[in-house]
$ cat run.pdb   # PDB, C-alpha atoms, pLDDT in the B column
MODEL        1
ATOM      1  CA  MET A 227     107.313 163.112  94.784  1.00 41.00           C
ATOM      2  CA  SER A 228     107.252 161.586  98.284  1.00 46.00           C
ATOM      3  CA  ASP A 229     106.145 158.060  99.155  1.00 48.00           C
ATOM      4  CA  SER A 230     103.405 159.235 101.492  1.00 51.00           C
ATOM      5  CA  PRO A 231      99.712 158.347 101.689  1.00 53.00           C
ATOM      6  CA  ALA A 232      99.022 161.831 100.355  1.00 49.00           C
ATOM      7  CA  ASP A 233     100.672 161.091  96.976  1.00 55.00           C
ATOM      8  CA  PRO A 234      97.347 161.150  95.044  1.00 58.00           C
ATOM      9  CA  LEU A 235      97.049 164.812  96.003  1.00 53.00           C
ATOM     10  CA  GLY A 236     100.436 165.435  94.443  1.00 52.00           C
ATOM     11  CA  GLU A 237      99.278 163.834  91.236  1.00 61.00           C
ATOM     12  CA  ALA A 238      95.875 165.563  91.128  1.00 65.00           C
ATOM     13  CA  LEU A 239      96.920 169.173  91.716  1.00 68.00           C
ATOM     14  CA  PRO A 240      99.772 171.234  90.292  1.00 72.00           C
ATOM     15  CA  ASP A 241     100.906 172.187  93.809  1.00 75.00           C
ATOM     16  CA  GLY A 242      99.696 168.941  95.354  1.00 77.00           C
ATOM     17  CA  ASP A 243     103.108 167.869  96.648  1.00 82.00           C
ATOM     18  CA  GLU A 244     103.450 171.132  98.568  1.00 84.00           C
ATOM     19  CA  LEU A 245      99.920 170.812  99.953  1.00 82.00           C
ATOM     20  CA  ALA A 246     100.534 167.211 100.998  1.00 82.00           C
ATOM     21  CA  ASP A 247     103.864 168.076 102.626  1.00 86.00           C
ATOM     22  CA  ARG A 248     102.224 170.885 104.614  1.00 85.00           C
ATOM     23  CA  ALA A 249      99.413 168.589 105.757  1.00 83.00           C
ATOM     24  CA  LEU A 250     101.936 165.968 106.876  1.00 88.00           C
ATOM     25  CA  GLU A 251     103.931 168.607 108.762  1.00 90.00           C
ATOM     26  CA  GLN A 252     100.749 169.634 110.546  1.00 87.00           C
ATOM     27  CA  GLU A 253     100.042 166.017 111.504  1.00 88.00           C
ATOM     28  CA  ASP A 254     103.583 165.592 112.837  1.00 92.00           C
ATOM     29  CA  THR A 255     103.183 168.737 114.930  1.00 92.00           C
ATOM     30  CA  GLY A 256      99.939 167.351 116.338  1.00 91.00           C
ATOM     31  CA  LYS A 257     101.593 164.055 117.232  1.00 94.00           C
ATOM     32  CA  GLN A 258     104.454 165.844 118.991  1.00 95.00           C
ATOM     33  CA  LEU A 259     102.021 167.967 120.965  1.00 95.00           C
ATOM     34  CA  LEU A 260     100.003 164.896 121.958  1.00 95.00           C
ATOM     35  CA  GLU A 261     103.176 163.260 123.238  1.00 96.00           C
ATOM     36  CA  ARG A 262     103.906 166.389 125.269  1.00 95.00           C
ATOM     37  CA  ILE A 263     100.362 166.385 126.670  1.00 96.00           C
ATOM     38  CA  GLU A 264     100.609 162.707 127.605  1.00 96.00           C
ATOM     39  CA  SER A 265     103.941 163.178 129.355  1.00 97.00           C
ATOM     40  CA  SER A 266     102.804 166.233 131.350  1.00 96.00           C
ATOM     41  CA  ASP A 267     100.830 166.282 134.565  1.00 97.00           C
ATOM     42  CA  VAL A 268      97.298 167.601 134.190  1.00 96.00           C
ATOM     43  CA  GLY A 269      97.029 171.168 135.384  1.00 93.00           C
ATOM     44  CA  THR A 270     100.706 172.032 134.988  1.00 97.00           C
ATOM     45  CA  ALA A 271     101.777 174.982 132.882  1.00 97.00           C
ATOM     46  CA  ASP A 272     103.389 172.667 130.294  1.00 95.00           C
ATOM     47  CA  PHE A 273     100.202 170.592 130.013  1.00 96.00           C
ATOM     48  CA  GLU A 274      98.051 173.692 129.562  1.00 97.00           C
ATOM     49  CA  GLN A 275     100.446 175.192 127.008  1.00 96.00           C
ATOM     50  CA  ALA A 276     100.682 171.959 124.993  1.00 95.00           C
ATOM     51  CA  LEU A 277      96.904 171.538 125.059  1.00 96.00           C
ATOM     52  CA  THR A 278      96.364 175.120 123.896  1.00 96.00           C
ATOM     53  CA  GLU A 279      98.899 174.655 121.087  1.00 95.00           C
ATOM     54  CA  PHE A 280      97.338 171.306 120.124  1.00 94.00           C
ATOM     55  CA  ILE A 281      93.839 172.782 119.852  1.00 94.00           C
ATOM     56  CA  ALA A 282      95.118 175.661 117.696  1.00 93.00           C
ATOM     57  CA  ALA A 283      97.177 173.312 115.510  1.00 90.00           C
ATOM     58  CA  MET A 284      94.269 170.937 114.943  1.00 87.00           C
ATOM     59  CA  ARG A 285      91.918 173.782 114.073  1.00 89.00           C
ATOM     60  CA  GLU A 286      94.486 174.977 111.536  1.00 85.00           C
ATOM     61  CA  HIS A 287      94.878 171.438 110.181  1.00 81.00           C
ATOM     62  CA  ILE A 288      91.119 170.960 109.824  1.00 83.00           C
ATOM     63  CA  ASP A 289      90.789 174.341 108.120  1.00 81.00           C
ATOM     64  CA  TYR A 290      93.709 173.492 105.834  1.00 74.00           C
ATOM     65  CA  GLY A 291      92.082 170.188 104.947  1.00 67.00           C
ATOM     66  CA  THR A 292      88.874 171.876 103.926  1.00 72.00           C
ATOM     67  CA  THR A 293      90.222 175.016 102.268  1.00 68.00           C
ATOM     68  CA  GLY A 294      93.823 174.175 101.330  1.00 60.00           C
ATOM     69  CA  SER A 295      95.072 177.379 102.878  1.00 59.00           C
TER      70      SER A 295
ENDMDL
END

$ encode --input "run.pdb" --output "structure tokens"
Amino acid sequence: MSDSPADPLGEALPDGDELADRALEQEDTGKQLLERIESSDVGTADFEQALTEFIAAMREHIDYGTTGS
């Protein structure tokens, strides 16, 4: 089991470690996309692409957090 803040999930559900790992991966992706957004100039293709990816990733993360899938 990992030493992450999501450890209680790993203890509460049979597949909790997998669920927690996936949620943490999603958060890392979001952080990377935010860094890309911050380092891009507004209106550039890279900014628009990173923003589009960020919105999709966060919607997936929110859905995952509420449904686990």

$ residues_near_point --input "run.pdb" --point "(99.7, 171.0, 116.2)" --cutoff "8 Å" --atoms "all atoms listed in the file" --output "list of chain:residue names"
A:Gln252, A:Glu253, A:Asp254, A:Thr255, A:Gly256, A:Lys257, A:Gln258, A:Leu259, A:Glu279, A:Phe280, A:Ile281, A:Ala282, A:Ala283, A:Met284, A:His287

$ closest_residue --input "run.pdb" --among "A:Ser265, A:Leu260, A:Thr292, A:Glu251" --to "Leu277 of chain A" --atoms "all atoms listed in the file"
A:Leu260

$ atom_distance --input "run.pdb" --atom1 "atom CA of Ala249 of chain A" --atom2 "atom CA of Glu286 of chain A"
9.9 Å

$ closest_residue --input "run.pdb" --among "A:Glu244, A:Ile263, A:Leu250, A:Ile288" --to "Ala276 of chain A" --atoms "all atoms listed in the file"
A:Ile263

$ closest_residue --input "run.pdb" --among "A:Glu274, A:Asp247, A:Asp267, A:Glu261" --to "Tyr290 of chain A" --atoms "only C-alpha atoms"
A:Asp247

$ build_atoms --input "run.pdb" --residues "segment 246-279 of chain A" --atoms "N, CA and C atoms" --output "PDB file, keeping the file's coordinate frame"
ATOM      1  N   ALA A 246     100.410 168.456 100.242  1.00 82.00           N
ATOM      2  CA  ALA A 246     100.534 167.211 100.998  1.00 82.00           C
ATOM      3  C   ALA A 246     101.636 167.323 102.038  1.00 82.00           C
ATOM      4  N   ASP A 247     102.766 167.909 101.665  1.00 86.00           N
ATOM      5  CA  ASP A 247     103.864 168.076 102.626  1.00 86.00           C
ATOM      6  C   ASP A 247     103.427 168.928 103.805  1.00 86.00           C
ATOM      7  N   ARG A 248     102.706 169.999 103.539  1.00 85.00           N
ATOM      8  CA  ARG A 248     102.224 170.885 104.614  1.00 85.00           C
ATOM      9  C   ARG A 248     101.266 170.141 105.530  1.00 85.00           C
ATOM     10  N   ALA A 249     100.356 169.355 104.951  1.00 83.00           N
ATOM     11  CA  ALA A 249      99.413 168.589 105.757  1.00 83.00           C
ATOM     12  C   ALA A 249     100.147 167.580 106.641  1.00 83.00           C
ATOM     13  N   LEU A 250     101.164 166.934 106.093  1.00 88.00           N
ATOM     14  CA  LEU A 250     101.936 165.968 106.876  1.00 88.00           C
ATOM     15  C   LEU A 250     102.723 166.650 107.990  1.00 88.00           C
ATOM     16  N   GLU A 251     103.236 167.838 107.723  1.00 90.00           N
ATOM     17  CA  GLU A 251     103.931 168.607 108.762  1.00 90.00           C
ATOM     18  C   GLU A 251     102.962 168.940 109.896  1.00 90.00           C
ATOM     19  N   GLN A 252     101.753 169.314 109.535  1.00 87.00           N
ATOM     20  CA  GLN A 252     100.749 169.634 110.546  1.00 87.00           C
ATOM     21  C   GLN A 252     100.430 168.401 111.393  1.00 87.00           C
ATOM     22  N   GLU A 253     100.313 167.247 110.763  1.00 88.00           N
ATOM     23  CA  GLU A 253     100.042 166.017 111.504  1.00 88.00           C
ATOM     24  C   GLU A 253     101.192 165.680 112.447  1.00 88.00           C
ATOM     25  N   ASP A 254     102.424 165.849 111.987  1.00 92.00           N
ATOM     26  CA  ASP A 254     103.583 165.592 112.837  1.00 92.00           C
ATOM     27  C   ASP A 254     103.592 166.518 114.048  1.00 92.00           C
ATOM     28  N   THR A 255     103.263 167.784 113.823  1.00 92.00           N
ATOM     29  CA  THR A 255     103.183 168.737 114.930  1.00 92.00           C
ATOM     30  C   THR A 255     102.138 168.278 115.943  1.00 92.00           C
ATOM     31  N   GLY A 256     100.994 167.847 115.456  1.00 91.00           N
ATOM     32  CA  GLY A 256      99.939 167.351 116.338  1.00 91.00           C
ATOM     33  C   GLY A 256     100.386 166.157 117.153  1.00 91.00           C
ATOM     34  N   LYS A 257     101.097 165.237 116.524  1.00 94.00           N
ATOM     35  CA  LYS A 257     101.593 164.055 117.232  1.00 94.00           C
ATOM     36  C   LYS A 257     102.587 164.437 118.322  1.00 94.00           C
ATOM     37  N   GLN A 258     103.470 165.383 118.005  1.00 95.00           N
ATOM     38  CA  GLN A 258     104.454 165.844 118.991  1.00 95.00           C
ATOM     39  C   GLN A 258     103.762 166.510 120.176  1.00 95.00           C
ATOM     40  N   LEU A 259     102.748 167.306 119.887  1.00 95.00           N
ATOM     41  CA  LEU A 259     102.021 167.967 120.965  1.00 95.00           C
ATOM     42  C   LEU A 259     101.260 166.954 121.820  1.00 95.00           C
ATOM     43  N   LEU A 260     100.686 165.944 121.193  1.00 95.00           N
ATOM     44  CA  LEU A 260     100.003 164.896 121.958  1.00 95.00           C
ATOM     45  C   LEU A 260     100.970 164.172 122.886  1.00 95.00           C
ATOM     46  N   GLU A 261     102.162 163.902 122.396  1.00 96.00           N
ATOM     47  CA  GLU A 261     103.176 163.260 123.238  1.00 96.00           C
ATOM     48  C   GLU A 261     103.514 164.146 124.434  1.00 96.00           C
ATOM     49  N   ARG A 262     103.615 165.441 124.190  1.00 95.00           N
ATOM     50  CA  ARG A 262     103.906 166.389 125.269  1.00 95.00           C
ATOM     51  C   ARG A 262     102.766 166.423 126.280  1.00 95.00           C
ATOM     52  N   ILE A 263     101.530 166.401 125.790  1.00 96.00           N
ATOM     53  CA  ILE A 263     100.362 166.385 126.670  1.00 96.00           C
ATOM     54  C   ILE A 263     100.374 165.126 127.530  1.00 96.00           C
ATOM     55  N   GLU A 264     100.609 163.984 126.889  1.00 96.00           N
ATOM     56  CA  GLU A 264     100.609 162.707 127.605  1.00 96.00           C
ATOM     57  C   GLU A 264     101.708 162.616 128.655  1.00 96.00           C
ATOM     58  N   SER A 265     102.824 163.283 128.418  1.00 97.00           N
ATOM     59  CA  SER A 265     103.941 163.178 129.355  1.00 97.00           C
ATOM     60  C   SER A 265     103.903 164.256 130.439  1.00 97.00           C
ATOM     61  N   SER A 266     102.924 165.160 130.363  1.00 96.00           N
ATOM     62  CA  SER A 266     102.804 166.233 131.350  1.00 96.00           C
ATOM     63  C   SER A 266     101.721 165.888 132.368  1.00 96.00           C
ATOM     64  N   ASP A 267     101.861 166.447 133.539  1.00 97.00           N
ATOM     65  CA  ASP A 267     100.830 166.282 134.565  1.00 97.00           C
ATOM     66  C   ASP A 267      99.699 167.263 134.310  1.00 97.00           C
ATOM     67  N   VAL A 268      98.469 166.766 134.401  1.00 96.00           N
ATOM     68  CA  VAL A 268      97.298 167.601 134.190  1.00 96.00           C
ATOM     69  C   VAL A 268      97.355 168.797 135.132  1.00 96.00           C
ATOM     70  N   GLY A 269      97.065 169.957 134.583  1.00 93.00           N
ATOM     71  CA  GLY A 269      97.029 171.168 135.384  1.00 93.00           C
ATOM     72  C   GLY A 269      98.337 171.927 135.450  1.00 93.00           C
ATOM     73  N   THR A 270      99.429 171.324 134.976  1.00 97.00           N
ATOM     74  CA  THR A 270     100.706 172.032 134.988  1.00 97.00           C
ATOM     75  C   THR A 270     100.738 173.025 133.828  1.00 97.00           C
ATOM     76  N   ALA A 271     101.645 173.973 133.936  1.00 97.00           N
ATOM     77  CA  ALA A 271     101.777 174.982 132.882  1.00 97.00           C
ATOM     78  C   ALA A 271     102.122 174.334 131.544  1.00 97.00           C
ATOM     79  N   ASP A 272     103.015 173.324 131.552  1.00 95.00           N
ATOM     80  CA  ASP A 272     103.389 172.667 130.294  1.00 95.00           C
ATOM     81  C   ASP A 272     102.201 171.943 129.681  1.00 95.00           C
ATOM     82  N   PHE A 273     101.396 171.278 130.504  1.00 96.00           N
ATOM     83  CA  PHE A 273     100.202 170.592 130.013  1.00 96.00           C
ATOM     84  C   PHE A 273      99.247 171.591 129.367  1.00 96.00           C
ATOM     85  N   GLU A 274      98.975 172.683 130.069  1.00 97.00           N
ATOM     86  CA  GLU A 274      98.051 173.692 129.562  1.00 97.00           C
ATOM     87  C   GLU A 274      98.558 174.316 128.265  1.00 97.00           C
ATOM     88  N   GLN A 275      99.856 174.599 128.213  1.00 96.00           N
ATOM     89  CA  GLN A 275     100.446 175.192 127.008  1.00 96.00           C
ATOM     90  C   GLN A 275     100.363 174.220 125.838  1.00 96.00           C
ATOM     91  N   ALA A 276     100.724 172.967 126.064  1.00 95.00           N
ATOM     92  CA  ALA A 276     100.682 171.959 124.993  1.00 95.00           C
ATOM     93  C   ALA A 276      99.254 171.748 124.513  1.00 95.00           C
ATOM     94  N   LEU A 277      98.305 171.729 125.434  1.00 96.00           N
ATOM     95  CA  LEU A 277      96.904 171.538 125.059  1.00 96.00           C
ATOM     96  C   LEU A 277      96.399 172.724 124.231  1.00 96.00           C
ATOM     97  N   THR A 278      96.751 173.924 124.639  1.00 96.00           N
ATOM     98  CA  THR A 278      96.364 175.120 123.896  1.00 96.00           C
ATOM     99  C   THR A 278      96.963 175.097 122.490  1.00 96.00           C
ATOM    100  N   GLU A 279      98.242 174.737 122.394  1.00 95.00           N
ATOM    101  CA  GLU A 279      98.899 174.655 121.087  1.00 95.00           C
ATOM    102  C   GLU A 279      98.272 173.555 120.229  1.00 95.00           C
TER     103      GLU A 279
END
